[in-house]
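**Student:** For reference, the structure I am asking about is given below.
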Amino acid sequence: MRIAVVGAGMAGLTAALRLQEAGHDVEVLESGAHPGGRMWSIEKEGLGVDLGAHMLLSSFGRTRALVGEMGLEAQWFEIDGGEGGGVLHDQELASFSPKNAFDVLRFRGISLGGRIRLALTLLEARRWLGDLDFFDLSVGDDTLDTEDCDSFARRRLGDEAMDYVVDCFIRTFHFHGARRMSAKYFEALSGLLLSHGEFRPCALRGHMRALPEAIAAGLDVRYSARVHRIVRGPRSVEVRTPNGSVEYDEVVLAVPADGVLPLLQAPSLQERLVLENAVSSCTVLCVYTLPAEVAGDFEGIWVPFCESQVVSGLSNDAGKGSTDGKRSVFNVWLHEEAAAKLLKASDLEIQRTVAGEIERLFPRYGKHLTPLHVQRWPHALPVYGVGQVTRVRNFWENGQGQGNVWLCGDYLNHPWVEGAVRCGEKVAARVAG
């Protein structure tokens, strides 16, 4: 079959790779100038900067396998966090770098009672082992998708553990609060920690773009290829671009959810139901350099919303090799509430606002920050909200692939890089099957 994959993010690249391996003629149409989507890196002043995905995890089984297939196994390494990380609590840093479910018992940022409640809640999630899959939220009981994560977890954990662990985690990794997330996410995450037993951060030498570049190198990728319309026909699918129209047997739409409906002519009811309810968080990444002796070797810091309504998290990329011996790359991510107000501000205004907040929260770092880069993400990550998880699951069962057009992306209940890779493989298997 002749197949077009629209979008060269990780989901699209993985789908294209698997379809090509199955013997199909695959063309990847990417509107930008490079592959990877939100998994991309740049060089600034001789330092590597990851703009989107900042780390991988030891539990990313399919991603690790893909890294090996691309000949990059030697590039995969576990980040040496040195001092580890922590959570800001009353402007003091409480050491916390959880590698497994029971590390919560060692977290001194909340009371012993809060830690015990958290550990017991995680243990209760054992009943879902084998029934839920964090990287495919369509798997398992949808009765968990009737309540938001904040209400569900706060009732079990209390305010302290909720604000300083669960909501803080979601804001660090998704930029929005737990109230916007389905309780099914929380239970699936708990199951991930219990079943895989580890949450160790990893990265790639050569930075994150090494993987999408390696995959794209073996595919027919057309860059700056802007698709205007997807038209289903009785026997084929027409893809319209400024350069004309081409017909394909199948089309995989691997673009962000907000970009799908404008492309589809006559979308189905099932497609509309999923896409019109798909929302994403926003954030801004502010990148600075710090003198190496000031930065130290900490891994990352989670910043609860009750401590700062601007900064959601910090990371020190010295452990990933983003240092020249004198300077280290220092990343600051923003809560979506603050990011939404700053997306249209100038780089200078954003850097000054964030630097002022860092100086208030972490005087040790604030006085030594040198601006390096600002990256705006108006559509950073999907929100796996109440009801949407079920809508997407129903779409997979009755709606996916209508008229030989397939949707593909992390917004289809597939969180993080691992989820995107799995979604690409899942779509490819259905197209080829």
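Labels for the structure tokens follow display order: chains A, B, ..., residues from 1 in each chain, ligands from 1.
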May I have the residues within 12 Å of Leu93 (chain A) as a list in words, using only C-alpha atoms and disregarding those fewer than 2 positions away in the same chain?

**Tutor:** Glu83, Gly84, Gly85, Gly86, Val87, Leu88, His89, Asp90, Gln91, Ser95, Phe96, Ser97, Phe107, Arg108, Gly109, Ile110, Tyr164, Phe298, Gly300, Ile301, Trp302, Val303, Pro304, Glu307, Leu361 and Phe362 of chain A

**Student:** Using C-alpha atoms, can you export the residues from the last selection as a PDB file, in the first residue's frame?

**Tutor:**
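Written out: part_15.pdb:
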ATOM      1  CA  GLU A  83      22.530  15.251  45.005  1.00  0.00           C
ATOM      2  CA  GLY A  84      19.265  13.924  43.532  1.00  0.00           C
ATOM      3  CA  GLY A  85      16.324  16.266  43.642  1.00  0.00           C
ATOM      4  CA  GLY A  86      13.761  17.672  45.959  1.00  0.00           C
ATOM      5  CA  VAL A  87      10.446  19.381  46.565  1.00  0.00           C
ATOM      6  CA  LEU A  88      10.215  22.971  47.745  1.00  0.00           C
ATOM      7  CA  HIS A  89       8.346  23.202  51.073  1.00  0.00           C
ATOM      8  CA  ASP A  90       8.069  26.483  52.993  1.00  0.00           C
ATOM      9  CA  GLN A  91      10.994  27.761  50.909  1.00  0.00           C
ATOM     10  CA  SER A  95      15.127  15.884  49.424  1.00  0.00           C
ATOM     11  CA  PHE A  96      12.962  13.709  47.171  1.00  0.00           C
ATOM     12  CA  SER A  97      13.987  11.783  44.089  1.00  0.00           C
ATOM     13  CA  PHE A 107      10.279  11.951  51.888  1.00  0.00           C
ATOM     14  CA  ARG A 108      10.599  14.351  54.839  1.00  0.00           C
ATOM     15  CA  GLY A 109       8.707  17.113  53.078  1.00  0.00           C
ATOM     16  CA  ILE A 110       5.427  15.850  54.530  1.00  0.00           C
ATOM     17  CA  TYR A 164       3.262  18.436  47.886  1.00  0.00           C
ATOM     18  CA  PHE A 298      21.314  18.251  41.705  1.00  0.00           C
ATOM     19  CA  GLY A 300      15.671  18.427  39.567  1.00  0.00           C
ATOM     20  CA  ILE A 301      13.334  20.337  41.855  1.00  0.00           C
ATOM     21  CA  TRP A 302       9.532  20.125  41.970  1.00  0.00           C
ATOM     22  CA  VAL A 303       7.805  23.354  42.935  1.00  0.00           C
ATOM     23  CA  PRO A 304       4.245  22.976  44.316  1.00  0.00           C
ATOM     24  CA  GLU A 307       4.842  27.608  46.910  1.00  0.00           C
ATOM     25  CA  LEU A 361      12.628  30.949  45.821  1.00  0.00           C
ATOM     26  CA  PHE A 362      16.296  30.012  45.456  1.00  0.00           C
TER      27      PHE A 362
END

**Student:** Just want the 9 Å neighbourhood of Leu123 (chain A), counted on only C-alpha atoms, with same-chain residues fewer than 2 positions away dropped. Output as a list in words.

**Tutor:**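 Answer for this query is Ala101, Leu118, Ala119, Leu120, Thr121, Ala125, Arg126, Arg127, Ser190, Gly191 and Leu194 of chain A.
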
**Student:** Once DSSP has gone over the backbone, tell me which residues of region 33-164 of chain A are in helix (DSSP H, G or I), as JSON, numbers by chain.

**Tutor:** {"A": [61, 62, 63, 64, 65, 66, 67, 68, 69, 73, 74, 75, 101, 102, 103, 104, 105, 106, 112, 113, 114, 115, 116, 117, 118, 119, 120, 121, 122, 123, 124, 125, 126, 127, 128, 142, 143, 144, 145, 146, 149, 150, 151, 152, 153, 154, 155, 156, 157, 159, 160, 161, 162, 163, 164]}

**Student:** Sort by chain and increasing residue number a table of all residues of region 122-240 of chain A within 10 Å of region 373-394 of chain A, each with its closest pair of atoms and their distance in Å to one decimal, counting only C-alpha atoms, and write it as JSON lines.

**Tutor:**
{"residue": "A:Asp136", "atom": "CA", "partner": "A:Arg393", "partner_atom": "CA", "distance": 9.5}
{"residue": "A:Leu137", "atom": "CA", "partner": "A:Val389", "partner_atom": "CA", "distance": 6.8}
{"residue": "A:Ser138", "atom": "CA", "partner": "A:Arg393", "partner_atom": "CA", "distance": 4.8}
{"residue": "A:Val139", "atom": "CA", "partner": "A:Arg393", "partner_atom": "CA", "distance": 7.9}
{"residue": "A:Gly140", "atom": "CA", "partner": "A:Arg393", "partner_atom": "CA", "distance": 9.7}
{"residue": "A:Asp141", "atom": "CA", "partner": "A:Thr390", "partner_atom": "CA", "distance": 9.4}
{"residue": "A:Asp142", "atom": "CA", "partner": "A:Thr390", "partner_atom": "CA", "distance": 6.2}
{"residue": "A:Thr143", "atom": "CA", "partner": "A:Thr390", "partner_atom": "CA", "distance": 9.0}
{"residue": "A:Leu144", "atom": "CA", "partner": "A:Val386", "partner_atom": "CA", "distance": 8.9}
{"residue": "A:Asp145", "atom": "CA", "partner": "A:Val386", "partner_atom": "CA", "distance": 5.4}
{"residue": "A:Thr146", "atom": "CA", "partner": "A:Val386", "partner_atom": "CA", "distance": 6.0}
{"residue": "A:Glu147", "atom": "CA", "partner": "A:Val386", "partner_atom": "CA", "distance": 6.2}
{"residue": "A:Asp148", "atom": "CA", "partner": "A:Val386", "partner_atom": "CA", "distance": 5.8}
{"residue": "A:Cys149", "atom": "CA", "partner": "A:Val386", "partner_atom": "CA", "distance": 8.5}
{"residue": "A:Phe173", "atom": "CA", "partner": "A:Leu381", "partner_atom": "CA", "distance": 9.1}
{"residue": "A:His174", "atom": "CA", "partner": "A:Leu381", "partner_atom": "CA", "distance": 6.4}
{"residue": "A:Phe175", "atom": "CA", "partner": "A:Leu381", "partner_atom": "CA", "distance": 8.3}
{"residue": "A:His176", "atom": "CA", "partner": "A:Val383", "partner_atom": "CA", "distance": 8.2}
{"residue": "A:Gly177", "atom": "CA", "partner": "A:Val383", "partner_atom": "CA", "distance": 9.9}
{"residue": "A:Ala178", "atom": "CA", "partner": "A:Gly385", "partner_atom": "CA", "distance": 9.4}
{"residue": "A:Arg179", "atom": "CA", "partner": "A:Gly385", "partner_atom": "CA", "distance": 8.5}
{"residue": "A:Arg180", "atom": "CA", "partner": "A:Gly385", "partner_atom": "CA", "distance": 5.5}
{"residue": "A:Met181", "atom": "CA", "partner": "A:Gly385", "partner_atom": "CA", "distance": 4.5}
{"residue": "A:Ser182", "atom": "CA", "partner": "A:Val386", "partner_atom": "CA", "distance": 4.5}
{"residue": "A:Ala183", "atom": "CA", "partner": "A:Val386", "partner_atom": "CA", "distance": 7.5}
{"residue": "A:Lys184", "atom": "CA", "partner": "A:Val389", "partner_atom": "CA", "distance": 8.2}
{"residue": "A:Tyr185", "atom": "CA", "partner": "A:Tyr384", "partner_atom": "CA", "distance": 7.3}

**Student:** Can you tell me, as a PyMOL selection string, what residues are no more than 7 Å from region 324-337 of chain A when counting only C-alpha atoms, ignoring any on the same chain fewer than 6 positions away?

**Tutor:** chain A and resi 171+175-176+281-292+295+309-318

**Student:** Using only C-alpha atoms, which of the listed residues (A:Leu273, A:Ala216, A:Leu47, A:Ala225) sits closest to Gly12 (chain A)?

**Tutor:**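 Among the listed residues, the smallest separation from Gly12 (chain A) belongs to A:Ala216.
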